[in-house]
file data.pdb (PDB, C-alpha atoms, pLDDT in the B column)
ATOM      1  CA  MET A 213      21.204  79.738  21.802  1.00 53.00           C
ATOM      2  CA  SER A 214      18.817  76.834  22.371  1.00 56.00           C
ATOM      3  CA  PHE A 215      15.851  79.190  21.945  1.00 51.00           C
ATOM      4  CA  LYS A 216      17.171  80.405  18.567  1.00 50.00           C
ATOM      5  CA  LYS A 217      17.691  76.794  17.438  1.00 51.00           C
ATOM      6  CA  ASN A 218      14.119  75.973  18.391  1.00 53.00           C
ATOM      7  CA  ILE A 219      12.789  78.984  16.493  1.00 53.00           C
ATOM      8  CA  LEU A 220      14.855  78.012  13.440  1.00 48.00           C
ATOM      9  CA  SER A 221      13.656  74.406  13.609  1.00 55.00           C
ATOM     10  CA  LEU A 222      10.042  75.549  13.933  1.00 48.00           C
ATOM     11  CA  SER A 223      10.455  77.891  10.983  1.00 54.00           C
ATOM     12  CA  ILE A 224      11.892  75.117   8.810  1.00 55.00           C
ATOM     13  CA  PHE A 225       9.087  72.792   9.861  1.00 49.00           C
ATOM     14  CA  VAL A 226       6.351  75.340   9.061  1.00 46.00           C
ATOM     15  CA  ASN A 227       7.904  76.170   5.679  1.00 52.00           C
ATOM     16  CA  THR A 228       8.178  72.473   4.847  1.00 54.00           C
ATOM     17  CA  ILE A 229       4.495  71.949   5.674  1.00 52.00           C
ATOM     18  CA  PHE A 230       3.495  74.969   3.577  1.00 46.00           C
ATOM     19  CA  ILE A 231       5.542  73.861   0.555  1.00 53.00           C
ATOM     20  CA  THR A 232       4.159  70.329   0.806  1.00 47.00           C
ATOM     21  CA  PHE A 233       0.612  71.705   0.990  1.00 43.00           C
ATOM     22  CA  LEU A 234       1.239  73.891  -2.063  1.00 44.00           C
ATOM     23  CA  ILE A 235       2.630  70.983  -4.075  1.00 44.00           C
ATOM     24  CA  VAL A 236      -0.372  68.806  -3.176  1.00 40.00           C
ATOM     25  CA  LYS A 237      -2.800  71.573  -4.144  1.00 42.00           C
ATOM     26  CA  LEU A 238      -1.105  72.077  -7.502  1.00 40.00           C
ATOM     27  CA  PHE A 239      -1.061  68.336  -8.140  1.00 43.00           C
ATOM     28  CA  ASN A 240      -4.741  68.009  -7.351  1.00 44.00           C
ATOM     29  CA  TYR A 241      -5.607  70.976  -9.525  1.00 40.00           C
ATOM     30  CA  PHE A 242      -3.945  69.475 -12.587  1.00 43.00           C
ATOM     31  CA  SER A 243      -4.811  65.842 -11.842  1.00 44.00           C
ATOM     32  CA  GLY A 244      -7.385  63.807 -13.674  1.00 46.00           C
ATOM     33  CA  ASP A 245      -9.890  64.254 -10.824  1.00 46.00           C
ATOM     34  CA  ASN A 246     -10.207  67.957 -11.619  1.00 50.00           C
ATOM     35  CA  LEU A 247      -9.552  67.753 -15.328  1.00 51.00           C
ATOM     36  CA  GLU A 248     -13.205  68.258 -16.195  1.00 57.00           C
ATOM     37  CA  ASN A 249     -13.201  71.511 -14.196  1.00 56.00           C
ATOM     38  CA  ASN A 250     -10.090  72.699 -16.034  1.00 53.00           C
ATOM     39  CA  ILE A 251     -11.637  71.906 -19.395  1.00 56.00           C
ATOM     40  CA  LYS A 252     -14.881  73.597 -18.504  1.00 57.00           C
ATOM     41  CA  GLY A 253     -13.096  76.695 -17.223  1.00 73.00           C
ATOM     42  CA  SER A 254     -13.581  80.189 -18.585  1.00 82.00           C
ATOM     43  CA  TYR A 255     -11.132  79.813 -21.493  1.00 83.00           C
ATOM     44  CA  TRP A 256     -12.918  76.770 -22.888  1.00 83.00           C
ATOM     45  CA  GLN A 257     -16.354  78.282 -22.317  1.00 85.00           C
ATOM     46  CA  ASP A 258     -15.374  81.659 -23.813  1.00 86.00           C
ATOM     47  CA  LYS A 259     -14.068  79.957 -26.933  1.00 79.00           C
ATOM     48  CA  VAL A 260     -17.317  78.045 -27.301  1.00 83.00           C
ATOM     49  CA  SER A 261     -19.375  81.229 -26.957  1.00 84.00           C
ATOM     50  CA  GLN A 262     -17.218  83.034 -29.540  1.00 86.00           C
ATOM     51  CA  TYR A 263     -17.657  80.251 -32.066  1.00 87.00           C
ATOM     52  CA  GLU A 264     -21.415  80.258 -31.499  1.00 85.00           C
ATOM     53  CA  VAL A 265     -21.536  83.956 -32.401  1.00 85.00           C
ATOM     54  CA  LEU A 266     -19.132  83.675 -35.356  1.00 85.00           C
ATOM     55  CA  ASN A 267     -21.056  80.758 -36.836  1.00 81.00           C
ATOM     56  CA  SER A 268     -24.046  83.024 -37.400  1.00 75.00           C
ATOM     57  CA  ILE A 269     -22.045  84.839 -40.091  1.00 73.00           C
ATOM     58  CA  GLY A 270     -22.848  83.437 -43.534  1.00 68.00           C
ATOM     59  CA  GLY A 271     -20.662  82.342 -46.440  1.00 72.00           C
ATOM     60  CA  GLU A 272     -18.934  79.140 -47.506  1.00 81.00           C
ATOM     61  CA  LYS A 273     -16.368  78.092 -44.921  1.00 92.00           C
ATOM     62  CA  ILE A 274     -13.744  75.513 -44.152  1.00 95.00           C
ATOM     63  CA  PHE A 275     -13.380  74.781 -40.446  1.00 97.00           C
ATOM     64  CA  PHE A 276     -10.222  73.494 -38.820  1.00 97.00           C
ATOM     65  CA  VAL A 277     -11.407  71.645 -35.711  1.00 98.00           C
ATOM     66  CA  GLY A 278      -9.473  70.214 -32.762  1.00 97.00           C
ATOM     67  CA  ASP A 279      -7.596  70.824 -29.522  1.00 97.00           C
ATOM     68  CA  SER A 280      -4.757  73.208 -28.589  1.00 96.00           C
ATOM     69  CA  MET A 281      -2.766  72.157 -31.661  1.00 97.00           C
ATOM     70  CA  VAL A 282      -5.515  73.762 -33.724  1.00 98.00           C
ATOM     71  CA  ASP A 283      -6.270  76.524 -31.213  1.00 96.00           C
ATOM     72  CA  ARG A 284      -2.672  77.783 -31.512  1.00 97.00           C
ATOM     73  CA  TYR A 285      -2.672  77.633 -35.322  1.00 97.00           C
ATOM     74  CA  ASN A 286      -3.072  81.011 -37.063  1.00 96.00           C
ATOM     75  CA  VAL A 287      -4.803  79.235 -39.882  1.00 95.00           C
ATOM     76  CA  GLU A 288      -6.518  82.324 -41.305  1.00 94.00           C
ATOM     77  CA  GLU A 289      -3.111  83.911 -41.947  1.00 95.00           C
ATOM     78  CA  PHE A 290      -1.443  80.764 -43.234  1.00 96.00           C
ATOM     79  CA  PHE A 291      -4.342  80.382 -45.709  1.00 94.00           C
ATOM     80  CA  PRO A 292      -5.432  83.988 -46.367  1.00 91.00           C
ATOM     81  CA  ARG A 293      -7.427  83.184 -49.513  1.00 85.00           C
ATOM     82  CA  LYS A 294      -8.998  79.865 -48.523  1.00 86.00           C
ATOM     83  CA  ASN A 295     -11.884  81.134 -46.373  1.00 90.00           C
ATOM     84  CA  ILE A 296     -10.719  78.729 -43.668  1.00 94.00           C
ATOM     85  CA  PHE A 297     -11.381  79.405 -39.999  1.00 95.00           C
ATOM     86  CA  ASN A 298     -10.108  78.099 -36.669  1.00 96.00           C
ATOM     87  CA  ARG A 299     -12.523  76.120 -34.512  1.00 96.00           C
ATOM     88  CA  GLY A 300      -9.944  74.680 -32.119  1.00 96.00           C
ATOM     89  CA  ASN A 301     -10.220  74.744 -28.346  1.00 95.00           C
ATOM     90  CA  ALA A 302      -7.410  73.994 -25.903  1.00 93.00           C
ATOM     91  CA  TRP A 303      -8.003  71.050 -23.531  1.00 90.00           C
ATOM     92  CA  ASP A 304     -10.393  69.350 -25.955  1.00 95.00           C
ATOM     93  CA  ASP A 305     -10.400  65.583 -26.176  1.00 96.00           C
ATOM     94  CA  THR A 306     -12.837  63.560 -28.298  1.00 97.00           C
ATOM     95  CA  TYR A 307     -15.516  63.746 -25.589  1.00 96.00           C
ATOM     96  CA  THR A 308     -15.507  67.530 -25.085  1.00 95.00           C
ATOM     97  CA  LEU A 309     -15.282  68.123 -28.829  1.00 97.00           C
ATOM     98  CA  LEU A 310     -18.293  65.878 -29.259  1.00 96.00           C
ATOM     99  CA  SER A 311     -20.137  67.970 -26.664  1.00 95.00           C
ATOM    100  CA  ARG A 312     -19.620  71.140 -28.707  1.00 95.00           C
ATOM    101  CA  ILE A 313     -19.559  69.882 -32.308  1.00 97.00           C
ATOM    102  CA  ASP A 314     -23.148  70.943 -33.021  1.00 96.00           C
ATOM    103  CA  ASN A 315     -23.133  74.456 -31.562  1.00 94.00           C
ATOM    104  CA  THR A 316     -19.571  75.525 -32.445  1.00 95.00           C
ATOM    105  CA  VAL A 317     -18.956  73.751 -35.751  1.00 97.00           C
ATOM    106  CA  LEU A 318     -21.893  72.216 -37.599  1.00 96.00           C
ATOM    107  CA  ASN A 319     -24.264  75.120 -37.045  1.00 94.00           C
ATOM    108  CA  GLY A 320     -21.832  77.240 -39.075  1.00 94.00           C
ATOM    109  CA  ASN A 321     -22.701  75.163 -42.167  1.00 94.00           C
ATOM    110  CA  PRO A 322     -19.114  74.546 -43.287  1.00 96.00           C
ATOM    111  CA  LYS A 323     -18.477  72.943 -46.660  1.00 95.00           C
ATOM    112  CA  LYS A 324     -15.398  71.140 -45.348  1.00 96.00           C
ATOM    113  CA  ILE A 325     -13.979  70.157 -41.937  1.00 97.00           C
ATOM    114  CA  ILE A 326     -10.377  69.277 -41.157  1.00 97.00           C
ATOM    115  CA  LEU A 327     -10.377  67.249 -37.949  1.00 98.00           C
ATOM    116  CA  PHE A 328      -7.282  67.059 -35.742  1.00 98.00           C
ATOM    117  CA  ILE A 329      -8.137  65.489 -32.388  1.00 98.00           C
ATOM    118  CA  GLY A 330      -6.983  62.719 -30.041  1.00 97.00           C
ATOM    119  CA  GLY A 331      -3.745  63.872 -28.441  1.00 97.00           C
ATOM    120  CA  ASN A 332      -5.480  64.787 -25.199  1.00 96.00           C
ATOM    121  CA  ASP A 333      -7.269  61.434 -25.092  1.00 97.00           C
ATOM    122  CA  ILE A 334      -3.834  59.878 -24.817  1.00 96.00           C
ATOM    123  CA  LEU A 335      -2.703  62.455 -22.243  1.00 95.00           C
ATOM    124  CA  TYR A 336      -5.843  62.002 -20.114  1.00 94.00           C
ATOM    125  CA  GLY A 337      -5.648  58.209 -20.267  1.00 95.00           C
ATOM    126  CA  VAL A 338      -9.013  57.803 -21.986  1.00 96.00           C
ATOM    127  CA  ASP A 339      -9.780  54.178 -22.836  1.00 96.00           C
ATOM    128  CA  LYS A 340      -9.235  53.513 -26.539  1.00 95.00           C
ATOM    129  CA  SER A 341     -12.699  52.027 -26.945  1.00 96.00           C
ATOM    130  CA  ILE A 342     -14.258  55.245 -25.588  1.00 97.00           C
ATOM    131  CA  SER A 343     -12.108  57.401 -27.862  1.00 97.00           C
ATOM    132  CA  LEU A 344     -13.060  55.255 -30.834  1.00 97.00           C
ATOM    133  CA  ASN A 345     -16.779  55.516 -30.064  1.00 97.00           C
ATOM    134  CA  ASN A 346     -16.467  59.296 -29.706  1.00 97.00           C
ATOM    135  CA  LEU A 347     -14.598  59.502 -33.005  1.00 98.00           C
ATOM    136  CA  LYS A 348     -17.229  57.389 -34.745  1.00 97.00           C
ATOM    137  CA  GLU A 349     -19.992  59.669 -33.523  1.00 98.00           C
ATOM    138  CA  LEU A 350     -18.038  62.785 -34.492  1.00 98.00           C
ATOM    139  CA  CYS A 351     -17.560  61.478 -38.022  1.00 97.00           C
ATOM    140  CA  GLU A 352     -21.186  60.343 -38.289  1.00 97.00           C
ATOM    141  CA  ARG A 353     -22.520  63.735 -37.244  1.00 97.00           C
ATOM    142  CA  ILE A 354     -20.262  65.547 -39.690  1.00 97.00           C
ATOM    143  CA  ILE A 355     -20.988  63.225 -42.613  1.00 96.00           C
ATOM    144  CA  SER A 356     -24.736  63.336 -41.932  1.00 96.00           C
ATOM    145  CA  LYS A 357     -24.597  67.068 -42.689  1.00 95.00           C
ATOM    146  CA  LYS A 358     -23.084  66.341 -46.127  1.00 95.00           C
ATOM    147  CA  VAL A 359     -19.844  68.032 -45.076  1.00 97.00           C
ATOM    148  CA  GLU A 360     -16.566  66.925 -46.624  1.00 97.00           C
ATOM    149  CA  LEU A 361     -14.300  65.552 -43.893  1.00 98.00           C
ATOM    150  CA  ILE A 362     -10.530  65.175 -43.690  1.00 98.00           C
ATOM    151  CA  VAL A 363      -8.936  63.564 -40.621  1.00 98.00           C
ATOM    152  CA  ILE A 364      -5.299  64.315 -39.767  1.00 98.00           C
ATOM    153  CA  SER A 365      -3.011  62.005 -37.815  1.00 98.00           C
ATOM    154  CA  ILE A 366      -1.680  62.927 -34.378  1.00 98.00           C
ATOM    155  CA  LEU A 367       1.908  64.182 -34.476  1.00 98.00           C
ATOM    156  CA  PRO A 368       4.903  62.748 -32.583  1.00 98.00           C
ATOM    157  CA  VAL A 369       6.226  64.262 -29.342  1.00 98.00           C
ATOM    158  CA  TRP A 370       9.594  64.494 -27.618  1.00 97.00           C
ATOM    159  CA  LYS A 371      10.669  61.370 -25.768  1.00 95.00           C
ATOM    160  CA  GLU A 372      10.432  63.016 -22.335  1.00 94.00           C
ATOM    161  CA  ASN A 373       6.773  63.924 -22.864  1.00 91.00           C
ATOM    162  CA  LYS A 374       4.001  62.250 -20.825  1.00 90.00           C
ATOM    163  CA  ARG A 375       2.573  60.850 -24.033  1.00 92.00           C
ATOM    164  CA  SER A 376       4.564  58.136 -25.759  1.00 95.00           C
ATOM    165  CA  ASN A 377       5.036  57.975 -29.501  1.00 97.00           C
ATOM    166  CA  LYS A 378       4.089  54.299 -29.347  1.00 96.00           C
ATOM    167  CA  ASP A 379       0.656  55.266 -27.994  1.00 97.00           C
ATOM    168  CA  ILE A 380       0.362  57.930 -30.682  1.00 98.00           C
ATOM    169  CA  VAL A 381       1.185  55.411 -33.417  1.00 98.00           C
ATOM    170  CA  ASN A 382      -1.481  53.080 -32.023  1.00 97.00           C
ATOM    171  CA  PHE A 383      -4.027  55.906 -31.894  1.00 98.00           C
ATOM    172  CA  ASN A 384      -3.240  56.849 -35.482  1.00 98.00           C
ATOM    173  CA  ALA A 385      -3.859  53.245 -36.471  1.00 97.00           C
ATOM    174  CA  LEU A 386      -7.365  53.549 -34.972  1.00 96.00           C
ATOM    175  CA  LEU A 387      -7.926  56.746 -36.935  1.00 97.00           C
ATOM    176  CA  ARG A 388      -6.709  55.150 -40.157  1.00 98.00           C
ATOM    177  CA  GLU A 389      -8.960  52.113 -39.755  1.00 97.00           C
ATOM    178  CA  LEU A 390     -11.984  54.249 -38.872  1.00 97.00           C
ATOM    179  CA  CYS A 391     -11.462  56.416 -41.935  1.00 98.00           C
ATOM    180  CA  LYS A 392     -10.955  53.405 -44.175  1.00 97.00           C
ATOM    181  CA  LYS A 393     -14.221  51.808 -43.039  1.00 96.00           C
ATOM    182  CA  ASN A 394     -16.160  55.036 -43.535  1.00 95.00           C
ATOM    183  CA  LYS A 395     -14.420  56.162 -46.749  1.00 96.00           C
ATOM    184  CA  ILE A 396     -13.049  59.304 -45.099  1.00 97.00           C
ATOM    185  CA  GLU A 397      -9.893  61.043 -46.283  1.00 97.00           C
ATOM    186  CA  PHE A 398      -7.080  60.308 -43.794  1.00 98.00           C
ATOM    187  CA  LEU A 399      -3.953  62.426 -43.960  1.00 98.00           C
ATOM    188  CA  ASP A 400      -1.067  60.700 -42.192  1.00 97.00           C
ATOM    189  CA  ILE A 401       1.705  63.248 -41.674  1.00 98.00           C
ATOM    190  CA  PHE A 402       3.225  61.655 -38.547  1.00 98.00           C
ATOM    191  CA  SER A 403       6.446  60.628 -40.302  1.00 97.00           C
ATOM    192  CA  LYS A 404       6.958  64.120 -41.760  1.00 97.00           C
ATOM    193  CA  PHE A 405       7.577  65.447 -38.239  1.00 98.00           C
ATOM    194  CA  LEU A 406       9.642  62.500 -37.008  1.00 98.00           C
ATOM    195  CA  SER A 407      13.381  62.804 -36.383  1.00 97.00           C
ATOM    196  CA  SER A 408      16.036  60.114 -36.854  1.00 96.00           C
ATOM    197  CA  ASP A 409      15.716  59.539 -33.087  1.00 96.00           C
ATOM    198  CA  ASN A 410      12.016  58.634 -33.509  1.00 96.00           C
ATOM    199  CA  GLU A 411      10.625  61.711 -31.809  1.00 98.00           C
ATOM    200  CA  LEU A 412       9.219  65.097 -32.824  1.00 98.00           C
ATOM    201  CA  ARG A 413      11.934  67.036 -34.610  1.00 98.00           C
ATOM    202  CA  ARG A 414      13.414  69.386 -32.030  1.00 98.00           C
ATOM    203  CA  GLU A 415      13.526  72.412 -34.298  1.00 98.00           C
ATOM    204  CA  LEU A 416       9.744  72.274 -34.843  1.00 98.00           C
ATOM    205  CA  SER A 417       8.660  72.771 -31.228  1.00 98.00           C
ATOM    206  CA  SER A 418       9.487  74.644 -28.038  1.00 97.00           C
ATOM    207  CA  ASP A 419       7.786  72.309 -25.565  1.00 96.00           C
ATOM    208  CA  GLY A 420       7.912  68.934 -27.273  1.00 97.00           C
ATOM    209  CA  VAL A 421       4.208  68.835 -28.134  1.00 97.00           C
ATOM    210  CA  HIS A 422       2.972  72.044 -29.731  1.00 97.00           C
ATOM    211  CA  LEU A 423       4.412  73.388 -32.942  1.00 98.00           C
ATOM    212  CA  ASN A 424       6.409  76.595 -33.281  1.00 98.00           C
ATOM    213  CA  GLY A 425       6.546  78.801 -36.374  1.00 98.00           C
ATOM    214  CA  LYS A 426       8.668  76.348 -38.361  1.00 98.00           C
ATOM    215  CA  GLY A 427       6.438  73.511 -37.225  1.00 98.00           C
ATOM    216  CA  TYR A 428       3.269  75.178 -38.427  1.00 98.00           C
ATOM    217  CA  GLU A 429       5.009  76.174 -41.650  1.00 98.00           C
ATOM    218  CA  LEU A 430       5.678  72.498 -42.355  1.00 98.00           C
ATOM    219  CA  PHE A 431       2.184  71.570 -41.166  1.00 98.00           C
ATOM    220  CA  THR A 432       0.680  74.070 -43.599  1.00 97.00           C
ATOM    221  CA  LYS A 433       2.772  72.700 -46.457  1.00 97.00           C
ATOM    222  CA  GLU A 434       1.644  69.140 -45.769  1.00 96.00           C
ATOM    223  CA  ILE A 435      -2.085  69.882 -45.673  1.00 95.00           C
ATOM    224  CA  ALA A 436      -2.281  72.642 -48.293  1.00 94.00           C
ATOM    225  CA  GLU A 437      -3.146  70.431 -51.257  1.00 88.00           C
ATOM    226  CA  PHE A 438      -6.087  68.915 -49.387  1.00 87.00           C
ATOM    227  CA  LEU A 439      -7.774  72.289 -48.916  1.00 82.00           C
TER     228      LEU A 439
END
call {"tool": "encode", "arguments": {"input": "data.pdb", "output": "C-alpha cells"}}
result
Amino acid sequence: MSFKKNILSLSIFVNTIFITFLIVKLFNYFSGDNLENNIKGSYWQDKVSQYEVLNSIGGEKIFFVGDSMVDRYNVEEFFPRKNIFNRGNAWDDTYTLLSRIDNTVLNGNPKKIILFIGGNDILYGVDKSISLNNLKELCERIISKKVELIVISILPVWKENKRSNKDIVNFNALLRELCKKNKIEFLDIFSKFLSSDNELRRELSSDGVHLNGKGYELFTKEIAEFL
C-alpha cells in the first residue's frame, strides 16, 4: 500500500511540475519580452508581402490602415463601390505600422487613407510620448505624399479587458490634439459604441475588443460619409 501511495505522490508531483512548466512557457510566449517575435511572425510578414504585391496594381484607391480591428474588417464588401481596400495587420502598434507604412501603404499611391491605430500601444504598455512621436511621423509621411488623411478614434472595450477605457479616452485625446495641430480630419466615434455602463456595448462584440457583424455594421455607418 505504501508503494502505491509513493507512486501516486510521485505522479502528482511530476504532473504538477509539467503543468507549471507549460504555464510558464505560455506566459513567456505571450509576454512583452517576446512580443516583437509574435508581431514579426509569419502572419504579420505574410500580410506585409501580400500588400507589397497588391500595391503594384494601379488605379485610384482608398486604403484602410491599422491593426487587427482593420485586419478583421471586410471593408471591400461593406463598401463595394468605393474602391477601398484593407491594409490592416493584426498585432500592429504605431511602431510596427511605421515600419511598414512605405512598402505596404504609400507605395500603392492611395488618394485617401483612413487610419485606425493605437489600441495595441495601450495593450503593450508603450509610453505615450513614444506613441505620439510615432503617430506624428506616420501623419507626416502620409501628408508629404499629398494623400488625404482621416484618423479614427480608438473604440471602448469591456470592463474586464486588459485595456482600460480611461486609457483609451486619454489616447483619443492625444489623437484629437495631434489632428487639430496638423489640420487632419479626426473622426471621434468612441461614444457611438459606448453603453450606459461606460463600456463597449455588449451586443457589438464577442470578445470585448473586436467588433462582430453588428459592430462593423455600425462602424461602417459612422464612417461612410467621410469616404
call {"tool": "closest_residue", "arguments": {"input": "data.pdb", "among": "A:Ser407, A:Ser341, A:Asn315, A:Asn394", "to": "A:Ile355", "atoms": "only C-alpha atoms"}}
result
A:Asn394
call {"tool": "resolve_selection", "arguments": {"input": "data.pdb", "expression": "the PyMOL selection byres ((chain A and resi 409) around 12)", "output": "list in words"}}
result
Pro368, Val369, Trp370, Lys371, Asn377, Ser403, Phe405, Leu406, Ser407, Ser408, Asn410, Glu411, Leu412, Arg413 and Arg414 of chain A
call {"tool": "closest_residue", "arguments": {"input": "data.pdb", "among": "A:Ser376, A:Asn319, A:Asn382, A:Thr432", "to": "A:Val265", "atoms": "only C-alpha atoms"}}
result
A:Asn319
call {"tool": "resolve_selection", "arguments": {"input": "data.pdb", "expression": "the PyMOL selection byres ((chain A and resi 301) around 10)", "output": "PyMOL selection string"}}
result
chain A and resi 251+255-260+263+277-284+298-300+302-305+308-309
call {"tool": "write_last_selection", "arguments": {"input": "data.pdb", "atoms": "C-alpha atoms", "output": "short mmCIF file (atom, residue, chain, number, x, y, z; two decimals), in the coordinates of the input"}}
result
data_model
loop_
_atom_site.label_atom_id
_atom_site.label_comp_id
_atom_site.auth_asym_id
_atom_site.auth_seq_id
_atom_site.Cartn_x
_atom_site.Cartn_y
_atom_site.Cartn_z
CA ILE A 251 -11.64 71.91 -19.40
CA TYR A 255 -11.13 79.81 -21.49
CA TRP A 256 -12.92 76.77 -22.89
CA GLN A 257 -16.35 78.28 -22.32
CA ASP A 258 -15.37 81.66 -23.81
CA LYS A 259 -14.07 79.96 -26.93
CA VAL A 260 -17.32 78.04 -27.30
CA TYR A 263 -17.66 80.25 -32.07
CA VAL A 277 -11.41 71.64 -35.71
CA GLY A 278 -9.47 70.21 -32.76
CA ASP A 279 -7.60 70.82 -29.52
CA SER A 280 -4.76 73.21 -28.59
CA MET A 281 -2.77 72.16 -31.66
CA VAL A 282 -5.52 73.76 -33.72
CA ASP A 283 -6.27 76.52 -31.21
CA ARG A 284 -2.67 77.78 -31.51
CA ASN A 298 -10.11 78.10 -36.67
CA ARG A 299 -12.52 76.12 -34.51
CA GLY A 300 -9.94 74.68 -32.12
CA ALA A 302 -7.41 73.99 -25.90
CA TRP A 303 -8.00 71.05 -23.53
CA ASP A 304 -10.39 69.35 -25.96
CA ASP A 305 -10.40 65.58 -26.18
CA THR A 308 -15.51 67.53 -25.08
CA LEU A 309 -15.28 68.12 -28.83
#
call {"tool": "closest_residue", "arguments": {"input": "data.pdb", "among": "A:Arg312, A:His422, A:Lys404, A:Lys395", "to": "A:Glu434", "atoms": "only C-alpha atoms"}}
result
A:Lys404
call {"tool": "build_atoms", "arguments": {"input": "data.pdb", "residues": "stretch 314-337 of chain A", "atoms": "N, CA and C atoms", "output": "PDB file, in the frame of the given file"}}
result
ATOM      1  N   ASP A 314     -21.943  70.402 -32.389  1.00 96.00           N
ATOM      2  CA  ASP A 314     -23.148  70.943 -33.021  1.00 96.00           C
ATOM      3  C   ASP A 314     -23.203  72.465 -32.946  1.00 96.00           C
ATOM      4  N   ASN A 315     -22.936  73.007 -31.755  1.00 94.00           N
ATOM      5  CA  ASN A 315     -23.133  74.456 -31.562  1.00 94.00           C
ATOM      6  C   ASN A 315     -21.912  75.316 -31.842  1.00 94.00           C
ATOM      7  N   THR A 316     -20.748  74.712 -32.114  1.00 95.00           N
ATOM      8  CA  THR A 316     -19.571  75.525 -32.445  1.00 95.00           C
ATOM      9  C   THR A 316     -19.000  75.201 -33.820  1.00 95.00           C
ATOM     10  N   VAL A 317     -19.493  74.152 -34.449  1.00 97.00           N
ATOM     11  CA  VAL A 317     -18.956  73.751 -35.751  1.00 97.00           C
ATOM     12  C   VAL A 317     -20.065  73.562 -36.787  1.00 97.00           C
ATOM     13  N   LEU A 318     -20.919  72.584 -36.573  1.00 96.00           N
ATOM     14  CA  LEU A 318     -21.893  72.216 -37.599  1.00 96.00           C
ATOM     15  C   LEU A 318     -22.944  73.281 -37.848  1.00 96.00           C
ATOM     16  N   ASN A 319     -23.264  74.067 -36.821  1.00 94.00           N
ATOM     17  CA  ASN A 319     -24.264  75.120 -37.045  1.00 94.00           C
ATOM     18  C   ASN A 319     -23.725  76.278 -37.872  1.00 94.00           C
ATOM     19  N   GLY A 320     -22.414  76.242 -38.187  1.00 94.00           N
ATOM     20  CA  GLY A 320     -21.832  77.240 -39.075  1.00 94.00           C
ATOM     21  C   GLY A 320     -21.918  76.855 -40.539  1.00 94.00           C
ATOM     22  N   ASN A 321     -22.502  75.663 -40.804  1.00 94.00           N
ATOM     23  CA  ASN A 321     -22.701  75.163 -42.167  1.00 94.00           C
ATOM     24  C   ASN A 321     -21.426  75.171 -43.014  1.00 94.00           C
ATOM     25  N   PRO A 322     -20.355  74.580 -42.496  1.00 96.00           N
ATOM     26  CA  PRO A 322     -19.114  74.546 -43.287  1.00 96.00           C
ATOM     27  C   PRO A 322     -19.248  73.597 -44.472  1.00 96.00           C
ATOM     28  N   LYS A 323     -18.485  73.862 -45.515  1.00 95.00           N
ATOM     29  CA  LYS A 323     -18.477  72.943 -46.660  1.00 95.00           C
ATOM     30  C   LYS A 323     -17.441  71.834 -46.459  1.00 95.00           C
ATOM     31  N   LYS A 324     -16.449  72.119 -45.605  1.00 96.00           N
ATOM     32  CA  LYS A 324     -15.398  71.140 -45.348  1.00 96.00           C
ATOM     33  C   LYS A 324     -14.901  71.291 -43.921  1.00 96.00           C
ATOM     34  N   ILE A 325     -14.542  70.163 -43.287  1.00 97.00           N
ATOM     35  CA  ILE A 325     -13.979  70.157 -41.937  1.00 97.00           C
ATOM     36  C   ILE A 325     -12.675  69.370 -41.947  1.00 97.00           C
ATOM     37  N   ILE A 326     -11.643  69.972 -41.385  1.00 97.00           N
ATOM     38  CA  ILE A 326     -10.377  69.277 -41.157  1.00 97.00           C
ATOM     39  C   ILE A 326     -10.317  68.963 -39.671  1.00 97.00           C
ATOM     40  N   LEU A 327     -10.297  67.690 -39.343  1.00 98.00           N
ATOM     41  CA  LEU A 327     -10.377  67.249 -37.949  1.00 98.00           C
ATOM     42  C   LEU A 327      -9.016  66.784 -37.447  1.00 98.00           C
ATOM     43  N   PHE A 328      -8.584  67.385 -36.329  1.00 98.00           N
ATOM     44  CA  PHE A 328      -7.282  67.059 -35.742  1.00 98.00           C
ATOM     45  C   PHE A 328      -7.488  66.911 -34.243  1.00 98.00           C
ATOM     46  N   ILE A 329      -7.758  65.707 -33.781  1.00 98.00           N
ATOM     47  CA  ILE A 329      -8.137  65.489 -32.388  1.00 98.00           C
ATOM     48  C   ILE A 329      -7.626  64.124 -31.918  1.00 98.00           C
ATOM     49  N   GLY A 330      -7.364  64.008 -30.619  1.00 97.00           N
ATOM     50  CA  GLY A 330      -6.983  62.719 -30.041  1.00 97.00           C
ATOM     51  C   GLY A 330      -5.777  62.768 -29.132  1.00 97.00           C
ATOM     52  N   GLY A 331      -4.941  63.797 -29.277  1.00 97.00           N
ATOM     53  CA  GLY A 331      -3.745  63.872 -28.441  1.00 97.00           C
ATOM     54  C   GLY A 331      -4.063  63.938 -26.962  1.00 97.00           C
ATOM     55  N   ASN A 332      -5.119  64.673 -26.612  1.00 96.00           N
ATOM     56  CA  ASN A 332      -5.480  64.787 -25.199  1.00 96.00           C
ATOM     57  C   ASN A 332      -6.139  63.520 -24.661  1.00 96.00           C
ATOM     58  N   ASP A 333      -6.752  62.736 -25.529  1.00 97.00           N
ATOM     59  CA  ASP A 333      -7.269  61.434 -25.092  1.00 97.00           C
ATOM     60  C   ASP A 333      -6.132  60.585 -24.551  1.00 97.00           C
ATOM     61  N   ILE A 334      -5.011  60.625 -25.261  1.00 96.00           N
ATOM     62  CA  ILE A 334      -3.834  59.878 -24.817  1.00 96.00           C
ATOM     63  C   ILE A 334      -3.305  60.455 -23.515  1.00 96.00           C
ATOM     64  N   LEU A 335      -3.212  61.788 -23.444  1.00 95.00           N
ATOM     65  CA  LEU A 335      -2.703  62.455 -22.243  1.00 95.00           C
ATOM     66  C   LEU A 335      -3.589  62.176 -21.033  1.00 95.00           C
ATOM     67  N   TYR A 336      -4.910  62.187 -21.219  1.00 94.00           N
ATOM     68  CA  TYR A 336      -5.843  62.002 -20.114  1.00 94.00           C
ATOM     69  C   TYR A 336      -6.049  60.528 -19.745  1.00 94.00           C
ATOM     70  N   GLY A 337      -5.493  59.627 -20.549  1.00 95.00           N
ATOM     71  CA  GLY A 337      -5.648  58.209 -20.267  1.00 95.00           C
ATOM     72  C   GLY A 337      -7.030  57.669 -20.581  1.00 95.00           C
TER      73      GLY A 337
END
